[in-house]
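K.L.:
Supplied in structure tokens, the structure appears directly below.
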Amino acid sequence: MAPFDLVLHAGEVVGVAGLLGSGRTEMAQLLFGIDQPTEGTLTMGGEIVAKLSPIGSIERGVALCPEDRKAEGIVADLTVRENIIMAMQASRGMLRYLSSKDQYEIADRYIKLLNIATPSADQPVKNLSGGNQQKVILARWLATNPRLLILDEPTRGIDVGTKADIQKLVLSLAEDGMSCMFISSELEEVLRTSHRIVVLRDRAKVAEFGGDVDEQTVMRAIAGSEA
């Protein structure tokens, strides 16, 4: 990606808009530490992050719900419970293993909180609908109590009702003080969910707008048109 400046505030949803290939996913992966920057600095809570990595990001309170739910999100052959506790266990390390009792308490808490439709926490996650699988991924990261939640296409391929549930959840999390990045190819969804919108084009940040911006203005920025 081209060099860019981006500030994320607590209690705010920053939407990321742009066409396929504009650099949206690359930005998310860079902030989470999957990709490494060639220059520049990342500051979190007033402290410079010396080295970016996914485990380091989790420990700092950064969470990423990836774009490809099936390939990068769920572990299909594991249960709902095992999928939910995965990130929390990774942050604790294998020497501080979560007890079976704790695992079930955490899983049941988020199954109820997110209204995940499953017969039990022991249901294989591959047997759930796409929308409920997406909620399981959200539960995994919410269980880590993140400071920054990065959502890459969180409503792709799910039903309208679940889309609305996720959008409401994101705004509720921001109201509670969490910082959220909301990436979506659906511009209407970005406008409805975000307090501020960043526009990417050709792997570069080309515009930034307050939440009261209209759809046509954002579309012109995406297309590179001044008309």
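Labels for the structure tokens follow display order: chains A, B, ..., residues from 1 in each chain, ligands from 1.
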Mind listing the strand (DSSP E) residues of region 8-226 of chain A, per DSSP on the backbone, as number ranges by chain?
P.N.:
A: 13-17, 43-44, 47-48, 62-65, 148-152, 179-183, 196-201, 204-210
K.L.:
What would the file look like if the residues just selected were written as a PDB file, in the first residue's frame with C-alpha atoms?
P.N.:
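Output below, filename out10.pdb:
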ATOM      1  CA  VAL A  13     -16.699   3.360  14.014  1.00  0.00           C
ATOM      2  CA  VAL A  14     -14.462   4.181  11.047  1.00  0.00           C
ATOM      3  CA  GLY A  15     -15.837   2.837   7.791  1.00  0.00           C
ATOM      4  CA  VAL A  16     -13.520   1.856   4.943  1.00  0.00           C
ATOM      5  CA  ALA A  17     -14.941   2.165   1.426  1.00  0.00           C
ATOM      6  CA  THR A  43       1.042   4.139  17.906  1.00  0.00           C
ATOM      7  CA  MET A  44      -1.531   2.656  20.257  1.00  0.00           C
ATOM      8  CA  GLU A  47       2.987   4.058  22.795  1.00  0.00           C
ATOM      9  CA  ILE A  48       4.823   3.137  19.592  1.00  0.00           C
ATOM     10  CA  VAL A  62      -6.594  -5.674  18.531  1.00  0.00           C
ATOM     11  CA  ALA A  63      -8.997  -8.125  16.865  1.00  0.00           C
ATOM     12  CA  LEU A  64      -9.544  -8.955  13.186  1.00  0.00           C
ATOM     13  CA  CYS A  65     -12.608 -10.671  11.722  1.00  0.00           C
ATOM     14  CA  LEU A 148      -9.882  -2.183  18.484  1.00  0.00           C
ATOM     15  CA  LEU A 149     -12.142  -4.464  16.445  1.00  0.00           C
ATOM     16  CA  ILE A 150     -11.397  -4.679  12.706  1.00  0.00           C
ATOM     17  CA  LEU A 151     -14.283  -6.121  10.686  1.00  0.00           C
ATOM     18  CA  ASP A 152     -13.501  -7.032   7.069  1.00  0.00           C
ATOM     19  CA  SER A 179     -12.824   1.454  18.513  1.00  0.00           C
ATOM     20  CA  CYS A 180     -14.150  -0.279  15.387  1.00  0.00           C
ATOM     21  CA  MET A 181     -13.039  -0.398  11.751  1.00  0.00           C
ATOM     22  CA  PHE A 182     -15.882  -1.464   9.451  1.00  0.00           C
ATOM     23  CA  ILE A 183     -14.866  -2.578   5.946  1.00  0.00           C
ATOM     24  CA  ARG A 196     -16.215   8.594   9.829  1.00  0.00           C
ATOM     25  CA  ILE A 197     -15.386   7.152   6.396  1.00  0.00           C
ATOM     26  CA  VAL A 198     -12.009   6.538   4.781  1.00  0.00           C
ATOM     27  CA  VAL A 199     -11.905   5.961   1.013  1.00  0.00           C
ATOM     28  CA  LEU A 200      -9.236   3.819  -0.653  1.00  0.00           C
ATOM     29  CA  ARG A 201      -8.413   3.693  -4.352  1.00  0.00           C
ATOM     30  CA  ALA A 204      -3.946   4.395  -1.421  1.00  0.00           C
ATOM     31  CA  LYS A 205      -6.037   6.525   0.931  1.00  0.00           C
ATOM     32  CA  VAL A 206      -7.637   9.210  -1.245  1.00  0.00           C
ATOM     33  CA  ALA A 207     -10.303  10.800   0.982  1.00  0.00           C
ATOM     34  CA  GLU A 208     -11.761  10.971   4.476  1.00  0.00           C
ATOM     35  CA  PHE A 209     -15.245  12.194   5.403  1.00  0.00           C
ATOM     36  CA  GLY A 210     -17.350  12.829   8.471  1.00  0.00           C
TER      37      GLY A 210
END
K.L.:
Pull the alpha helix (DSSP H) assignments for region 55-220 of chain A out of DSSP run on the backbone, and list those residues as an MDAnalysis selection string.
P.N.:
chainID A and resid 55:60 80:84 86:92 100:113 130:142 160:175 187:193 215:220
K.L.:
Rank nothing, just name the residue among A:Ser99, A:Lys135, A:Arg156, A:Ser129 nearest to Val170 (chain A), using only C-alpha atoms.
P.N.:
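Closest to Val170 (chain A), using only C-alpha atoms: A:Lys135.
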K.L.:
Between A:Val49, A:Ile137, A:Val213, A:Ala164, which residue has the minimum interatomic distance to Tyr110 (chain A), considering only C-alpha atoms?
P.N.:
A:Ile137
K.L.:
When distances are computed from only C-alpha atoms, which of A:Ala139, A:Glu153, A:Asp5, A:Ser185 shows the smallest separation from Gly40 (chain A)?
P.N.:
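Result for the nearest residue to Gly40 (chain A): A:Asp5.
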K.L.:
Calculate how many Å separate CA of Asn145 (chain A) from CA of Glu188 (chain A), rounding to one decimal.
P.N.:
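Atom-to-atom, CA of Asn145 (chain A) and CA of Glu188 (chain A) are spaced 28.2 Å apart.
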K.L.:
For the atom pair CA of Arg92 (chain A) and CA of Ala76 (chain A), what is the interatomic distance in Å to one decimal place?
P.N.:
22.7 Å
